[in-house]
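Asker: Contents are mmCIF, C-alpha atoms; file name entry_22.cif:
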data_data
loop_
_atom_site.label_atom_id
_atom_site.label_comp_id
_atom_site.auth_asym_id
_atom_site.auth_seq_id
_atom_site.Cartn_x
_atom_site.Cartn_y
_atom_site.Cartn_z
CA MET A 104 76.37 94.33 134.30
CA ASP A 105 73.44 95.63 132.25
CA ALA A 106 75.84 97.04 129.65
CA PHE A 107 77.61 93.66 129.45
CA LEU A 108 74.33 91.81 128.94
CA ILE A 109 73.18 94.25 126.25
CA LYS A 110 76.47 93.87 124.38
CA ALA A 111 76.30 90.08 124.76
CA ALA A 112 72.71 89.97 123.50
CA GLN A 113 73.62 92.02 120.43
CA LEU A 114 76.67 89.86 119.74
CA ILE A 115 74.71 86.59 119.99
CA ALA A 116 71.84 87.92 117.86
CA ALA A 117 74.19 89.18 115.14
CA PHE A 118 76.31 86.04 115.26
CA ALA A 119 73.25 83.78 115.02
CA LEU A 120 71.95 85.66 111.97
CA LEU A 121 75.33 85.55 110.19
CA VAL A 122 75.80 81.85 110.88
CA ILE A 123 72.29 80.91 109.73
CA ILE A 124 72.62 82.90 106.50
CA HIS A 125 76.09 81.49 105.79
CA GLU A 126 75.11 77.89 106.37
CA PHE A 127 71.83 78.37 104.50
CA GLY A 128 73.93 79.28 101.44
CA HIS A 129 75.69 75.90 101.58
CA TYR A 130 72.41 74.15 102.33
CA ILE A 131 70.34 75.63 99.52
CA PHE A 132 72.97 75.03 96.84
CA ALA A 133 73.51 71.48 98.06
CA ARG A 134 69.76 70.88 97.80
CA MET A 135 69.67 72.45 94.32
CA PHE A 136 72.14 69.83 93.11
CA GLY A 137 70.40 66.94 94.88
CA ILE A 138 73.05 66.53 97.58
CA LYS A 139 71.91 65.11 100.91
CA VAL A 140 72.37 67.42 103.90
CA GLU A 141 72.38 65.37 107.10
CA LYS A 142 72.44 68.23 109.64
CA PHE A 143 71.78 71.98 109.71
CA TYR A 144 72.82 73.45 113.07
CA LEU A 145 73.09 76.90 114.59
CA PHE A 146 76.01 76.65 117.03
CA PHE A 147 77.90 73.43 117.68
CA ASP A 148 76.46 70.40 119.44
CA PRO A 149 79.22 68.18 120.86
CA TRP A 150 77.62 65.49 123.07
CA PHE A 151 74.17 67.10 123.07
CA SER A 152 72.02 69.82 121.52
CA LEU A 153 69.56 72.32 122.99
CA VAL A 154 66.96 71.80 120.27
CA LYS A 155 66.71 69.34 117.41
CA TRP A 156 64.02 68.37 114.94
CA ARG A 157 63.96 65.74 112.23
CA PRO A 158 60.96 65.90 109.88
CA LYS A 159 58.89 62.77 109.43
CA LYS A 160 59.45 61.06 106.10
CA LYS A 161 56.54 60.46 103.77
CA ALA A 162 56.25 57.73 101.20
CA THR A 163 56.93 59.71 98.00
CA LYS A 164 58.64 59.00 94.70
CA ASP A 165 61.79 60.56 96.15
CA THR A 166 61.96 58.08 99.03
CA VAL A 167 61.32 55.17 96.66
CA ASP A 168 64.10 56.38 94.32
CA ASN A 169 66.35 57.06 97.34
CA ARG A 170 66.66 60.73 96.40
CA ALA A 171 67.79 63.32 98.94
CA THR A 172 65.08 65.68 100.22
CA TRP A 173 64.82 68.36 102.91
CA ARG A 174 63.32 65.71 105.18
CA ASP A 175 66.70 63.94 105.34
CA THR A 176 68.09 66.83 107.37
CA GLU A 177 68.18 67.13 111.15
CA TYR A 178 67.69 70.79 112.15
CA GLY A 179 68.86 72.02 115.53
CA ILE A 180 70.56 74.49 117.88
CA GLY A 181 73.74 73.47 119.67
CA TRP A 182 74.92 74.65 123.07
CA LEU A 183 78.39 75.90 122.05
CA PRO A 184 78.00 79.36 120.39
CA LEU A 185 81.22 79.30 118.37
CA GLY A 186 79.66 78.98 114.91
CA GLY A 187 77.38 76.57 113.12
CA TYR A 188 77.49 73.97 110.38
CA VAL A 189 75.75 71.90 107.77
CA LYS A 190 76.86 68.29 107.54
CA ILE A 191 76.88 67.44 103.85
CA ALA A 192 76.91 63.76 102.97
CA GLY A 193 80.07 62.55 101.28
CA MET A 194 82.18 65.57 102.17
CA ILE A 195 85.35 65.69 104.25
CA ASP A 196 84.61 68.42 106.79
CA GLU A 197 84.97 69.14 110.51
CA SER A 198 82.84 66.08 111.37
CA MET A 199 85.66 63.83 110.04
CA ASP A 200 83.12 61.08 109.31
CA LYS A 201 85.59 58.44 108.08
CA GLU A 202 83.03 55.64 108.31
CA GLN A 203 80.81 57.27 105.70
CA MET A 204 83.78 58.09 103.46
CA SER A 205 84.94 54.45 103.54
CA LYS A 206 81.69 53.28 101.92
CA PRO A 207 81.01 53.33 98.16
CA ALA A 208 80.01 56.77 96.89
CA GLN A 209 76.27 57.34 96.48
CA PRO A 210 74.72 59.51 93.74
CA TRP A 211 73.30 61.94 96.33
CA GLU A 212 76.69 62.53 97.99
CA PHE A 213 78.89 65.62 97.63
CA ARG A 214 81.86 63.61 96.32
CA SER A 215 79.75 62.17 93.46
CA LYS A 216 78.88 65.56 91.98
CA PRO A 217 80.84 67.42 89.26
CA ALA A 218 83.58 69.74 90.52
CA TRP A 219 81.73 72.89 89.37
CA GLN A 220 78.69 71.95 91.46
CA ARG A 221 80.83 71.27 94.50
CA LEU A 222 82.58 74.61 93.94
CA LEU A 223 79.28 76.49 93.93
CA VAL A 224 78.19 74.75 97.13
CA MET A 225 81.36 75.94 98.86
CA VAL A 226 81.25 79.49 97.46
CA ALA A 227 77.58 79.88 98.45
CA GLY A 228 78.21 80.57 102.15
CA VAL A 229 80.58 83.45 101.46
CA LEU A 230 78.29 84.76 98.74
CA MET A 231 75.28 84.77 101.05
CA ASN A 232 77.17 86.71 103.73
CA PHE A 233 78.20 89.36 101.23
CA ILE A 234 74.66 89.60 99.84
CA LEU A 235 73.33 89.93 103.40
CA ALA A 236 75.69 92.85 104.04
CA ILE A 237 74.52 94.62 100.87
CA ILE A 238 70.87 94.06 101.82
CA ILE A 239 71.45 95.45 105.33
CA TYR A 240 73.32 98.50 104.03
CA ALA A 241 70.56 99.07 101.48
CA GLY A 242 67.95 98.75 104.23
CA ILE A 243 69.80 101.27 106.40
CA ALA A 244 70.00 103.73 103.50
CA TRP A 245 66.29 103.31 102.74
CA TYR A 246 64.97 103.44 106.32
CA TRP A 247 67.35 105.85 108.04
CA GLY A 248 69.15 107.49 105.14
CA GLU A 249 72.57 108.99 105.73
CA LYS A 250 72.89 111.34 108.68
CA TYR A 251 76.15 113.00 109.60
CA ILE A 252 77.63 116.14 111.13
CA GLU A 253 80.48 117.55 109.10
CA TYR A 254 83.70 117.88 111.07
CA ARG A 255 83.86 121.65 110.45
CA ASP A 256 80.34 122.14 111.81
CA ALA A 257 81.24 120.62 115.19
CA LYS A 258 82.51 123.86 116.77
CA GLU A 259 83.60 122.16 120.01
CA GLY A 260 85.75 119.82 117.93
CA MET A 261 86.60 116.24 118.80
CA GLU A 262 87.62 114.30 121.87
CA TYR A 263 90.67 112.17 121.12
CA ALA A 264 91.91 108.83 122.40
CA GLN A 265 95.01 108.80 124.58
CA SER A 266 97.13 107.36 121.75
CA ALA A 267 96.13 110.32 119.55
CA LYS A 268 97.00 112.83 122.28
CA GLU A 269 100.43 111.24 122.65
CA ILE A 270 101.32 112.13 119.06
CA GLY A 271 100.07 115.73 119.23
CA PHE A 272 96.26 115.85 118.96
CA ARG A 273 94.35 117.92 121.52
CA ASP A 274 90.72 117.72 122.57
CA GLY A 275 88.86 120.33 120.55
CA ASP A 276 90.90 119.87 117.36
CA ILE A 277 88.81 119.68 114.19
CA PRO A 278 90.27 117.42 111.45
CA LEU A 279 90.69 119.18 108.10
CA LEU A 280 93.16 117.32 105.86
CA ALA A 281 94.88 113.93 105.61
CA ASP A 282 98.02 114.12 103.45
CA GLY A 283 96.58 117.27 101.92
CA GLU A 284 93.23 115.66 101.06
CA GLU A 285 90.16 117.33 102.54
CA MET A 286 88.29 115.19 105.07
CA TYR A 287 84.51 114.83 105.16
CA ALA A 288 82.38 113.00 107.73
CA SER A 289 80.23 111.76 104.85
CA ASP A 290 83.17 109.68 103.59
CA PRO A 291 82.99 106.30 105.39
CA SER A 292 86.72 105.76 104.88
CA SER A 293 87.79 109.14 106.30
CA LEU A 294 88.96 107.72 109.65
CA LEU A 295 91.03 105.02 107.93
CA LYS A 296 92.59 107.66 105.69
CA MET A 297 93.58 109.71 108.74
CA VAL A 298 95.21 106.90 110.72
CA GLU A 299 97.07 105.71 107.60
CA ALA A 300 98.20 109.21 106.56
CA LYS A 301 101.69 110.65 107.05
CA THR A 302 100.30 113.98 108.27
CA VAL A 303 96.89 115.22 109.45
CA THR A 304 96.02 118.92 109.54
CA VAL A 305 93.61 120.12 112.23
CA LEU A 306 91.95 123.40 113.14
CA ARG A 307 92.94 124.30 116.71
CA ASP A 308 91.17 126.86 118.93
CA GLY A 309 89.04 127.85 115.95
CA ARG A 310 91.86 129.79 114.28
CA ASP A 311 95.17 127.91 113.86
CA SER A 312 95.92 125.14 111.35
CA VAL A 313 98.26 122.61 112.95
CA GLU A 314 99.98 119.75 111.12
CA ILE A 315 100.43 116.51 113.09
CA ALA A 316 102.81 113.74 111.99
CA ILE A 317 101.25 110.26 112.11
CA PRO A 318 103.75 107.53 113.07
CA GLU A 319 103.97 104.26 111.18
CA ASN A 320 101.49 101.56 112.29
CA PHE A 321 99.55 104.13 114.33
CA ILE A 322 96.40 102.17 113.48
CA PHE A 323 97.31 99.52 116.07
CA ARG A 324 97.56 102.05 118.89
CA VAL A 325 94.17 103.44 117.89
CA ASN A 326 92.70 99.92 117.90
CA ASP A 327 93.95 99.40 121.45
CA ASP A 328 92.09 102.57 122.49
CA LYS A 329 88.95 101.34 120.67
CA GLY A 330 88.79 104.44 118.50
CA PHE A 331 90.51 107.58 117.23
CA PHE A 332 88.11 110.36 118.19
CA THR A 333 84.48 111.15 118.95
CA TYR A 334 82.47 114.34 118.66
CA ARG A 335 82.56 116.45 121.82
CA LEU A 336 79.06 116.92 123.22
CA PRO A 337 78.33 120.49 124.38
CA VAL A 338 76.44 120.68 127.69
CA VAL A 339 73.09 122.21 126.79
CA VAL A 340 70.09 121.65 129.09
CA ASP A 341 67.18 120.03 127.28
CA ASN A 342 65.00 119.30 130.32
CA THR A 343 65.25 119.38 134.09
CA VAL A 344 63.85 116.71 136.40
CA SER A 345 61.26 118.05 138.80
CA GLY A 346 62.51 118.31 142.36
CA GLU A 347 66.16 117.65 141.48
CA PRO A 348 69.02 120.16 142.12
CA ALA A 349 68.86 121.69 138.62
CA ASP A 350 65.15 122.36 138.93
CA LYS A 351 65.55 123.88 142.40
CA ALA A 352 68.47 126.07 141.24
CA GLY A 353 66.46 127.47 138.33
CA LEU A 354 68.24 125.96 135.34
CA LYS A 355 66.14 126.25 132.19
CA THR A 356 65.83 124.54 128.82
CA GLY A 357 68.43 125.97 126.46
CA ASP A 358 70.93 126.96 129.16
CA ARG A 359 74.46 126.16 128.08
CA ILE A 360 76.87 125.22 130.89
CA ARG A 361 80.38 126.59 130.40
CA THR A 362 82.19 126.28 133.73
CA ILE A 363 82.05 124.66 137.17
CA ASN A 364 83.76 126.72 139.87
CA GLY A 365 85.61 128.56 137.12
CA GLU A 366 86.97 125.39 135.47
CA PRO A 367 86.00 124.65 131.82
CA ALA A 368 83.02 122.26 131.71
CA SER A 369 81.56 122.99 128.29
CA THR A 370 81.73 119.36 127.12
CA TYR A 371 80.06 116.27 128.55
CA THR A 372 83.31 114.57 129.62
CA ASP A 373 84.62 117.55 131.61
CA PHE A 374 81.16 118.31 133.00
CA THR A 375 80.53 114.82 134.40
CA ARG A 376 84.08 114.57 135.78
CA LEU A 377 83.81 117.87 137.68
CA LEU A 378 80.34 117.01 139.00
CA ALA A 379 81.64 113.67 140.31
CA GLU A 380 84.54 115.45 142.03
CA ASN A 381 82.13 117.87 143.73
CA GLY A 382 79.32 115.53 144.71
CA GLY A 383 77.40 116.85 147.74
CA LYS A 384 79.19 120.24 147.65
CA GLU A 385 77.77 123.58 146.60
CA ILE A 386 79.26 124.67 143.28
CA GLU A 387 78.90 127.60 140.91
CA LEU A 388 77.80 126.90 137.36
CA GLY A 389 78.85 129.38 134.71
CA ILE A 390 76.11 129.33 132.06
CA VAL A 391 75.02 131.20 128.96
CA ARG A 392 71.29 131.94 128.77
CA ASP A 393 69.78 133.66 125.74
CA GLY A 394 73.26 134.85 124.79
CA HIS A 395 74.05 136.36 128.20
CA PRO A 396 76.45 134.91 130.81
CA ALA A 397 75.18 134.10 134.28
CA ASP A 398 76.25 132.25 137.42
CA ILE A 399 74.05 129.78 139.32
CA ALA A 400 74.75 128.16 142.70
CA ILE A 401 73.77 124.50 142.87
CA THR A 402 74.51 121.46 145.04
CA PRO A 403 74.85 118.15 143.15
CA THR A 404 73.80 114.89 144.80
CA GLU A 405 76.43 112.76 146.54
CA GLY A 406 76.67 110.79 143.28
CA GLY A 407 77.47 113.94 141.30
CA LYS A 408 74.07 114.34 139.59
CA ILE A 409 71.99 117.50 139.16
CA GLY A 410 68.95 116.09 137.34
CA ILE A 411 69.14 117.32 133.76
CA GLN A 412 68.66 115.77 130.34
CA LEU A 413 71.17 116.98 127.78
CA ARG A 414 70.22 118.18 124.35
CA PRO A 415 71.31 115.62 121.70
CA ILE A 416 74.26 116.64 119.57
CA THR A 417 72.03 116.33 116.50
CA ASP A 418 69.91 119.20 117.90
CA ILE A 419 72.97 121.39 118.46
CA TYR A 420 74.95 121.12 115.22
CA PRO A 421 73.55 121.08 111.67
CA VAL A 422 72.82 117.52 110.57
CA HIS A 423 73.14 116.60 106.91
CA VAL A 424 70.54 114.07 105.84
CA LYS A 425 70.44 112.25 102.53
CA ARG A 426 67.35 110.16 101.82
CA TYR A 427 67.18 107.19 99.48
CA GLY A 428 64.18 105.68 97.74
CA LEU A 429 63.79 101.91 97.60
CA LEU A 430 65.48 101.61 94.19
CA GLU A 431 68.17 104.18 95.08
CA SER A 432 69.05 102.26 98.24
CA ILE A 433 70.18 99.17 96.30
CA PRO A 434 73.23 100.78 94.59
CA LYS A 435 73.98 102.55 97.87
CA GLY A 436 73.97 99.18 99.63
CA TRP A 437 76.36 97.84 96.99
CA GLU A 438 78.60 100.90 97.34
CA ASN A 439 78.78 100.59 101.13
CA GLY A 440 79.26 96.80 101.03
CA THR A 441 82.10 96.90 98.50
CA GLY A 442 83.61 99.92 100.24
CA LYS A 443 83.68 98.14 103.61
CA LEU A 444 85.14 95.04 101.97
CA SER A 445 87.87 97.08 100.26
CA ALA A 446 88.76 98.86 103.52
CA TYR A 447 88.78 95.56 105.46
CA VAL A 448 91.01 93.85 102.90
CA SER A 449 93.33 96.88 102.96
CA SER A 450 93.61 96.72 106.75
CA MET A 451 94.57 93.03 106.65
CA LYS A 452 98.08 93.94 105.49
CA TYR A 453 98.81 94.95 109.09
CA VAL A 454 97.89 91.56 110.54
CA ALA A 455 101.15 90.00 109.34
CA THR A 456 103.19 92.44 111.46
CA ALA A 457 104.11 91.93 115.11
CA GLU A 458 101.86 94.82 116.17
CA GLY A 459 99.07 93.41 114.04
CA ALA A 460 99.27 90.03 115.76
CA LYS A 461 98.98 91.73 119.15
CA SER A 462 95.88 93.59 118.00
CA LEU A 463 93.96 90.44 117.08
CA GLY A 464 90.84 90.01 119.18
CA GLY A 465 88.24 87.33 119.78
CA PHE A 466 84.64 87.38 120.93
CA GLY A 467 85.35 90.02 123.56
CA ALA A 468 86.75 92.45 121.00
CA ILE A 469 83.81 91.81 118.68
CA GLY A 470 81.32 92.27 121.51
CA ASN A 471 82.92 95.61 122.41
CA MET A 472 82.08 96.88 118.95
CA PHE A 473 78.43 97.04 120.00
CA PRO A 474 77.12 99.99 122.08
CA ASP A 475 76.12 99.46 125.71
CA ARG A 476 72.60 100.65 124.88
CA TRP A 477 70.42 98.93 122.33
CA SER A 478 70.39 100.90 119.09
CA TRP A 479 68.88 99.31 116.00
CA ILE A 480 70.89 101.37 113.54
CA SER A 481 74.15 100.56 115.38
CA PHE A 482 73.19 96.89 115.58
CA TRP A 483 72.53 96.66 111.84
CA GLU A 484 75.62 98.66 110.86
CA ILE A 485 77.89 96.44 112.96
CA THR A 486 76.14 93.26 111.80
CA ALA A 487 76.61 94.30 108.15
CA PHE A 488 80.30 94.96 108.76
CA LEU A 489 80.73 91.60 110.53
CA SER A 490 79.00 89.91 107.58
CA VAL A 491 81.57 91.46 105.23
CA ALA A 492 84.41 90.41 107.54
CA LEU A 493 83.05 86.85 107.85
CA ALA A 494 82.75 86.56 104.08
CA PHE A 495 86.36 87.63 103.59
CA MET A 496 87.77 85.48 106.39
CA ASN A 497 85.95 82.41 105.09
CA ILE A 498 87.31 82.84 101.57
CA LEU A 499 90.93 82.69 102.78
CA PRO A 500 92.66 79.58 101.33
CA ILE A 501 93.02 77.80 104.67
CA PRO A 502 91.99 74.13 104.93
CA ALA A 503 88.86 73.73 107.11
CA LEU A 504 87.56 77.08 105.86
CA ASP A 505 85.42 77.45 102.73
CA GLY A 506 88.42 79.02 101.03
CA GLY A 507 90.48 75.87 101.59
CA HIS A 508 87.84 73.69 99.93
CA ILE A 509 87.56 76.22 97.09
CA MET A 510 91.33 76.17 96.61
CA PHE A 511 91.40 72.37 96.23
CA LEU A 512 88.36 72.40 93.92
CA LEU A 513 89.98 74.99 91.67
CA TYR A 514 93.08 72.79 91.57
CA GLU A 515 90.88 69.85 90.57
CA ILE A 516 89.13 71.83 87.82
CA ILE A 517 92.41 73.17 86.40
CA SER A 518 94.53 70.01 86.68
CA ARG A 519 91.62 67.55 86.16
CA ARG A 520 93.06 65.59 89.08
CA LYS A 521 91.17 65.14 92.31
CA PRO A 522 93.21 65.28 95.57
CA SER A 523 93.06 61.98 97.41
CA GLU A 524 90.66 61.58 100.31
CA LYS A 525 93.58 60.82 102.63
CA PHE A 526 95.27 64.11 101.64
CA MET A 527 92.02 65.99 102.19
CA GLU A 528 91.66 64.41 105.66
CA TYR A 529 95.16 65.51 106.66
CA ALA A 530 94.61 69.00 105.24
CA GLN A 531 91.34 69.28 107.18
CA ILE A 532 93.04 68.24 110.43
CA CYS A 533 95.88 70.75 109.91
CA GLY A 534 93.43 73.53 109.07
CA MET A 535 91.28 72.80 112.12
CA ALA A 536 94.36 72.76 114.37
CA PHE A 537 95.51 76.12 112.97
CA LEU A 538 92.07 77.70 113.45
CA PHE A 539 91.81 76.32 117.00
CA ILE A 540 95.21 77.82 117.90
CA LEU A 541 94.20 81.13 116.29
CA LEU A 542 90.94 81.11 118.27
CA LEU A 543 92.82 80.54 121.53
CA TYR A 544 95.35 83.26 120.69
CA ALA A 545 92.75 85.88 119.71
CA ASN A 546 90.60 85.26 122.79
CA GLY A 547 93.75 85.10 124.92
CA ASN A 548 94.55 88.62 123.69
CA ASP A 549 91.10 89.70 124.88
CA LEU A 550 91.75 88.29 128.36
CA TYR A 551 95.21 89.88 128.48
CA ARG A 552 93.84 93.29 127.54
CA PHE A 553 90.98 92.98 130.03
CA PHE A 554 92.95 91.83 133.09
CA LEU A 555 96.52 93.07 132.55
CA LYS A 556 96.37 96.24 130.44
#
Output the file's structure in the form of structure tokens.

Answerer:
Amino acid sequence: MDAFLIKAAQLIAAFALLVIIHEFGHYIFARMFGIKVEKFYLFFDPWFSLVKWRPKKKATKDTVDNRATWRDTEYGIGWLPLGGYVKIAGMIDESMDKEQMSKPAQPWEFRSKPAWQRLLVMVAGVLMNFILAIIIYAGIAWYWGEKYIEYRDAKEGMEYAQSAKEIGFRDGDIPLLADGEEMYASDPSSLLKMVEAKTVTVLRDGRDSVEIAIPENFIFRVNDDKGFFTYRLPVVVDNTVSGEPADKAGLKTGDRIRTINGEPASTYTDFTRLLAENGGKEIELGIVRDGHPADIAITPTEGGKIGIQLRPITDIYPVHVKRYGLLESIPKGWENGTGKLSAYVSSMKYVATAEGAKSLGGFGAIGNMFPDRWSWISFWEITAFLSVALAFMNILPIPALDGGHIMFLLYEIISRRKPSEKFMEYAQICGMAFLFILLLYANGNDLYRFFLK
């Protein structure tokens, strides 16, 4: 339950930030061009809102001249966390305010402004999300730098998802090449290159190079497993808890556990599994201490615990660290932002396939991207990626999305003919219906995977 709440908290925090920044883009450009913004809401507020605030108006020249100001806007937080919105006066949007549209156009309305101004208002949300991603990536580069363990340095190799094992990978394999191209952990697109390759070459048992054929559309099977591989964590004692079985048995800092009752237990997954199977029973640990093998008798608790803290993987294998100054972090942020966008756009080609449609996920799938323990670097990395994804999804030429409005505005600029308000209303309704069906389908996939798979 705690893990669920931590994931949910991260999802809501990231989602709130992305929505506020996106809608602020629309808001600030609308205000720049003197367009009245009637509402600015985080989350939706059908029937009621959790919080709302309307500034008091003051008698100024703007109120006398009937000009739009920031005081014309109602600011609030809705109760339905599915997005957010700004209600721009004189615009056909999800509010479907036909009463306002039936009245004569006012100079401070969206529909009264030149097409290029309206275009910038619509582009601004997407632009702000992309800028946010670049800022976050730049901030990560400046504060944390780049830290990675090269695949070849991880002597215990990788632990693979079931879908990877089914096509020939084995736990302990170290990835070397994808279609003959050398793979580096420092390359953020290395995993995508592997799952899209025809063949991947791995180092097996520290001596043999093995070539594995990657089937077509393998990426969808990996997505179902929520990953391709992770680094195997060697079991090295960092500390023992006073009074617990490890302390009583004489385990020491630096001891490396190799076996349990003769079975291999050199990695965290095997170690915890064997401990759980032998809870409450006396077992024999095969360890290496100061380069010499030894055996230690120990009795785990009924829950399969012995009271040790493991040494972090970053203290076991060499970690490559690249630091960035404040000015250096900006181009790095741009590089990472554009790289993530390029990789995301490239992956969208799979969505049109039958397997791709099955892999679509909703809020559950997004929430599962976050770790079950709060990690600021993970939170910001995932938030930056979601900001890139949101920017791309919103630019798609679908009515009801920013991209749909942009498409019609570009048509107006090129043809010098404005689509009728009736046509725009019907397009908005169709777009909203499509998005609602897509939302139900994606979240339905989440429920199916959770309960039936």

Asker: Can you list every residue of region 122-220 of chain A that has an atom at most 12 Å from region 235-255 of chain A, with its nearest atom pair and the distance in Å to one decimal, using only C-alpha atoms, ordered by chain then number, as CSV?

Answerer:
residue,atom,partner,partner_atom,distance
A:Val122,CA,A:Leu235,CA,11.3
A:Ile123,CA,A:Leu235,CA,11.1
A:Ile124,CA,A:Leu235,CA,7.7
A:His125,CA,A:Leu235,CA,9.2
A:Phe127,CA,A:Leu235,CA,11.7
A:Gly128,CA,A:Leu235,CA,10.8

Asker: Using all atoms listed in the file, find the one residue out of A:Asn471, A:Phe466, A:Pro149, A:Met204 that sits nearest to Lys525 (chain A).

Answerer: A:Met204

Asker: Assuming the chain letters and numbering stay as they are in my file, what does the PyMOL selection byres ((chain A and resi 492) around 9) actually select? List them as JSON, numbers by chain.

Answerer: {"A": [232, 233, 443, 444, 447, 448, 487, 488, 489, 490, 491, 493, 494, 495, 496, 497]}

Asker: Write to file, as a CSV table (one decimal), in the frame of the given file, the residues of the selection just made, with C-alpha atoms.

Answerer:
chain,number,residue,atom,x,y,z
A,232,ASN,CA,77.2,86.7,103.7
A,233,PHE,CA,78.2,89.4,101.2
A,443,LYS,CA,83.7,98.1,103.6
A,444,LEU,CA,85.1,95.0,102.0
A,447,TYR,CA,88.8,95.6,105.5
A,448,VAL,CA,91.0,93.8,102.9
A,487,ALA,CA,76.6,94.3,108.2
A,488,PHE,CA,80.3,95.0,108.8
A,489,LEU,CA,80.7,91.6,110.5
A,490,SER,CA,79.0,89.9,107.6
A,491,VAL,CA,81.6,91.5,105.2
A,493,LEU,CA,83.0,86.8,107.8
A,494,ALA,CA,82.8,86.6,104.1
A,495,PHE,CA,86.4,87.6,103.6
A,496,MET,CA,87.8,85.5,106.4
A,497,ASN,CA,86.0,82.4,105.1

Asker: Looking at all atoms listed in the file, which of A:Ser445, A:Asn320, A:Thr356, A:Thr375 is the one that sits closest to Gln412 (chain A)?

Answerer: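 Among the listed residues, A:Thr356 lies closest to Gln412 (chain A).
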
Asker: CA of Leu504 (chain A) and CA of Gly534 (chain A) are how many Å apart?

Answerer: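 Result for CA of Leu504 (chain A) versus CA of Gly534 (chain A): 7.6 Å, one decimal.
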
Asker: Apply the PyMOL selection byres ((chain A and resi 531) around 9) to the displayed file and report the matching residues as a PDB file with C-alpha atoms, in the coordinates of the input.

Answerer:
ATOM      1  CA  ILE A 195      85.350  65.690 104.250  1.00  0.00           C
ATOM      2  CA  ASP A 196      84.610  68.420 106.790  1.00  0.00           C
ATOM      3  CA  GLU A 197      84.970  69.140 110.510  1.00  0.00           C
ATOM      4  CA  MET A 199      85.660  63.830 110.040  1.00  0.00           C
ATOM      5  CA  PRO A 502      91.990  74.130 104.930  1.00  0.00           C
ATOM      6  CA  ALA A 503      88.860  73.730 107.110  1.00  0.00           C
ATOM      7  CA  LEU A 504      87.560  77.080 105.860  1.00  0.00           C
ATOM      8  CA  GLY A 507      90.480  75.870 101.590  1.00  0.00           C
ATOM      9  CA  PHE A 526      95.270  64.110 101.640  1.00  0.00           C
ATOM     10  CA  MET A 527      92.020  65.990 102.190  1.00  0.00           C
ATOM     11  CA  GLU A 528      91.660  64.410 105.660  1.00  0.00           C
ATOM     12  CA  TYR A 529      95.160  65.510 106.660  1.00  0.00           C
ATOM     13  CA  ALA A 530      94.610  69.000 105.240  1.00  0.00           C
ATOM     14  CA  ILE A 532      93.040  68.240 110.430  1.00  0.00           C
ATOM     15  CA  CYS A 533      95.880  70.750 109.910  1.00  0.00           C
ATOM     16  CA  GLY A 534      93.430  73.530 109.070  1.00  0.00           C
ATOM     17  CA  MET A 535      91.280  72.800 112.120  1.00  0.00           C
ATOM     18  CA  ALA A 536      94.360  72.760 114.370  1.00  0.00           C
TER      19      ALA A 536
END

Asker: Just so the selection is clear, what residues does the PyMOL selection byres ((chain A and resi 311-313) around 12) cover here, as a list in words?

Answerer: Gly271, Phe272, Arg273, Gly275, Asp276, Ile277, Pro278, Leu279, Leu280, Ala281, Thr302, Val303, Thr304, Val305, Leu306, Arg307, Asp308, Gly309, Arg310, Glu314, Ile315 and Ala316 of chain A

Asker: For a cutoff of 12 Å around the file-coordinate point (82.4, 103.0, 101.6), which residues qualify once you count all atoms listed in the file? I'd like the result as a list in words.

Answerer: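 Within the cut-off we find Ile237, Tyr240, Ala288, Ser289, Asp290, Pro291, Ser292, Ser293, Leu294, Leu295, Lys296, Pro434, Lys435, Gly436, Trp437, Glu438, Asn439, Gly440, Thr441, Gly442, Lys443, Leu444, Ser445, Ala446, Tyr447 and Phe488 of chain A.
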
Asker: Please return as a ChimeraX atom specification every residue within 10 Å of (92.3, 87.2, 124.3), taking into account all atoms listed in the file and the file's own coordinates.

Answerer: /A:461-468,542-554

Asker: Can you measure CA of Tyr178 (chain A) to CA of Arg157 (chain A) for me? One decimal in Å is fine.

Answerer: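 Calculated distance between CA of Tyr178 (chain A) and CA of Arg157 (chain A) is 6.3 Å.
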
Asker: Determine the nearest neighbour of Ile115 (chain A) from the options A:Tyr188, A:Phe146, A:Phe331, A:Phe323, counting all atoms listed in the file.

Answerer: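 Closest candidate: A:Phe146.
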